[in-house]
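First comes the structure, then the notes that go with it.
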Amino acid sequence: MNACSDTWLYCWGHDGRLRWRTRTYACDKLGSPIIADVNGDGKPDVILGEGHAVIAYDGEGRRIFEYNTRANIQNSPAVGDLDGDGYAELVVGHGVDGEAGQVFCFQVGKWNPRAAWWPMFRRDPAHRATAPYVEIPEPWKDEEIRSRAYLAEGYTGSGFNQFILLMNPNDREAPAEIRFMLPSGRSVARMVKLPPRSRFTFHVNSYVSGLENSARVISPLEGLMVERAMYFLYSVGGETWAGGHDSFAVKAPSNTWYFAEGCTRPGFHTWLCLQNPQEKDANVTLRYMCGDGSNVTKQVKVRARSRFTVAVHREELGIGVHDGPRGDVSVKVESDLPVVAERPVYFNYMGSWDGGHDVVGAVDAFRTWYFAEGCTRPGFHTWLCLQNPQEKDANVTLRYMCGDGSNVTKQVKVRARSRFTVAVHREELG
């Protein structure tokens, strides 16, 4: 028996002649097949992983068992009577090596140890049956790529549904690669084809299960637009905060990112998601500028081609929980290599409004900012978050342009290296 990288499973007889070849899925076979009796007929069967599925064939190459584990199987299954009840158990694990995965155990036919012909993988007493990990090569040379998009945030764990949304405005088909960069520094890639002038939706949970991830999308065709939508039931302390958020991708990483908004008051969780698409580790400095004027600095290392997550509401790499102005925080992200940064926030606002929002950082500070949306009608609270990363105080003018044509102007001073918050729905500064 041999499972090959040409996507086929081969069976040769004792005379060296090919008896049969078969496959259920046209994909590389990443683990070796094993031989055991899984249907209890007293004859040996062949079991192996094919893509996401564990599959068994009888001695004639007919499929007798299949189960889709919903993630890549990169090792060999195992068969034995684990609980001593006389029936065999079939065990297989999935997930990218070094990442969170799952182990599946199925009860199959009667246990027949005489039909388990391969007690060791490559005669290795350690029973190491995992194929060496190899990164999927890049599909195009760097100079051939015309569209690039980066998304630092992504999560497919319990309660979260993640979608990558692609738009092809061109008049011809656009091939694209979606590569998910994982905390381990390894990646999972998927090639897709976008019809002309179309929208394509990719449900990430069906491909990368239970993992934090960052995404990179590339194509040799210009003009592709990329977003990421997430819908969630965020569980914390026995509560569930429900909602969704969406973000455009950025076209390039940067050495500096600014986030004016962040909150670690009770009922708020603020996260920083860092994506390093480079071939070397990135040394990243996080500068927290708080509403009370205090500053906190933390250092992190983000491995090459990986995703790193910071819980701002925790003390280790953030500032911790504070029920006061110190819990209103802006962040400046500085890196020795260009990275991508996003900031999701999940909340239960005033104990009655739950949800979340997410934004990609700004790559620079500016003297002028415009906001088309704002609402202070009953049932709405609108806030302005101002970050001054400079070494001097900043004098800021707020010009409110209302739907009835009226204008209101207010002045505020934002201290050096601090965060200032304006309640637009209140009279004092709004």
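Numbering starts fresh at 1 for the residues of each chain in the structure tokens, the chains themselves are lettered A, B, ... in the order given, and ligands are numbered from 1 as they appear.
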All residues 8 Å or closer to range 214-219 of chain A, only C-alpha atoms, same chain fewer than 3 positions away omitted, as an MDAnalysis selection string: chainID A and resid 145:154 174:182 222 224 226 275 306:307
Identify all residues of range 279-375 of chain A in strand (DSSP E) (DSSP on the backbone) and supply them as an MDAnalysis selection string. chainID A and resid 282:290 295:302 306:311 329:349 353:360
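With only C-alpha atoms as the atoms that count, the residue of A:Tyr288, A:Tyr207, A:Trp20, A:Phe232 with the shortest distance to Met191 in chain A is A:Tyr207.
Contact shell of Ile55 in chain A at 6 Å (only C-alpha atoms; same-chain neighbours under 4 positions omitted): Ile47, Leu48, Phe65 and Glu66 of chain A.
Among A:Trp140, A:Phe308, A:Tyr400, A:Trp383, the residue with the shortest atom-to-atom distance to Val422 in chain A, counting only C-alpha atoms, is A:Trp383.
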Residue with smallest distance to Val339 in chain A - pool A:Asn395, A:Ser254, A:Thr309, A:Ser406, counting only C-alpha atoms: A:Ser254
Distance query Pro325 in chain A at most 10 Å, only C-alpha atoms, self and fewer than 6 positions along chain excluded, as a VMD selection string: chain A and resid 263 to 265 290 to 294 419 to 421
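Pairwise distance (CA of Thr156 in chain A, CA of Phe248 in chain A) equals 18.4 Å.
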What's around Ala394 in chain A at 7 Å? Count only C-alpha atoms, leave out sequence neighbours fewer than 6 positions away in its own chain, and write the answer as a PyMOL selection string. chain A and resi 388+413-416
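Near Gly49 in chain A, within a cut-off of 7 Å and counting only C-alpha atoms, sit the residues Lys29, Gly31, Ala53, Val54, Ile55, Ile73 and Ser76 of chain A, with same-chain residues fewer than 3 positions away left out.
When DSSP is run on the backbone, the residues of range 158-398 of chain A that fall into helix (DSSP H, G or I) are Val204, Asn205, Ser206, Pro325, Arg326 and Gly327 of chain A.
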Dump N, CA and C atoms for the selected residues as a PDB file, in the first residue's frame?
ATOM      1  N   VAL A 204     -14.620  31.062   6.943  1.00  0.00           N
ATOM      2  CA  VAL A 204     -13.323  30.631   7.433  1.00  0.00           C
ATOM      3  C   VAL A 204     -13.448  29.443   8.381  1.00  0.00           C
ATOM      4  N   ASN A 205     -14.538  29.377   9.156  1.00  0.00           N
ATOM      5  CA  ASN A 205     -14.711  28.275  10.112  1.00  0.00           C
ATOM      6  C   ASN A 205     -14.676  26.908   9.442  1.00  0.00           C
ATOM      7  N   SER A 206     -15.090  26.843   8.178  1.00  0.00           N
ATOM      8  CA  SER A 206     -15.114  25.555   7.475  1.00  0.00           C
ATOM      9  C   SER A 206     -13.720  25.112   7.053  1.00  0.00           C
ATOM     10  N   PRO A 325     -10.991  57.125  34.426  1.00  0.00           N
ATOM     11  CA  PRO A 325     -10.317  57.617  33.223  1.00  0.00           C
ATOM     12  C   PRO A 325      -9.111  56.784  32.797  1.00  0.00           C
ATOM     13  N   ARG A 326      -8.443  56.137  33.734  1.00  0.00           N
ATOM     14  CA  ARG A 326      -7.295  55.302  33.353  1.00  0.00           C
ATOM     15  C   ARG A 326      -7.720  54.157  32.447  1.00  0.00           C
ATOM     16  N   GLY A 327      -8.992  53.750  32.538  1.00  0.00           N
ATOM     17  CA  GLY A 327      -9.503  52.674  31.683  1.00  0.00           C
ATOM     18  C   GLY A 327      -9.861  53.127  30.279  1.00  0.00           C
TER      19      GLY A 327
END
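The list of residues with at least one atom within 12 Å of Gly379 in chain A, based on only C-alpha atoms and without residues fewer than 5 positions apart in the same chain, reads Ser352, Trp353 and His425 of chain A.
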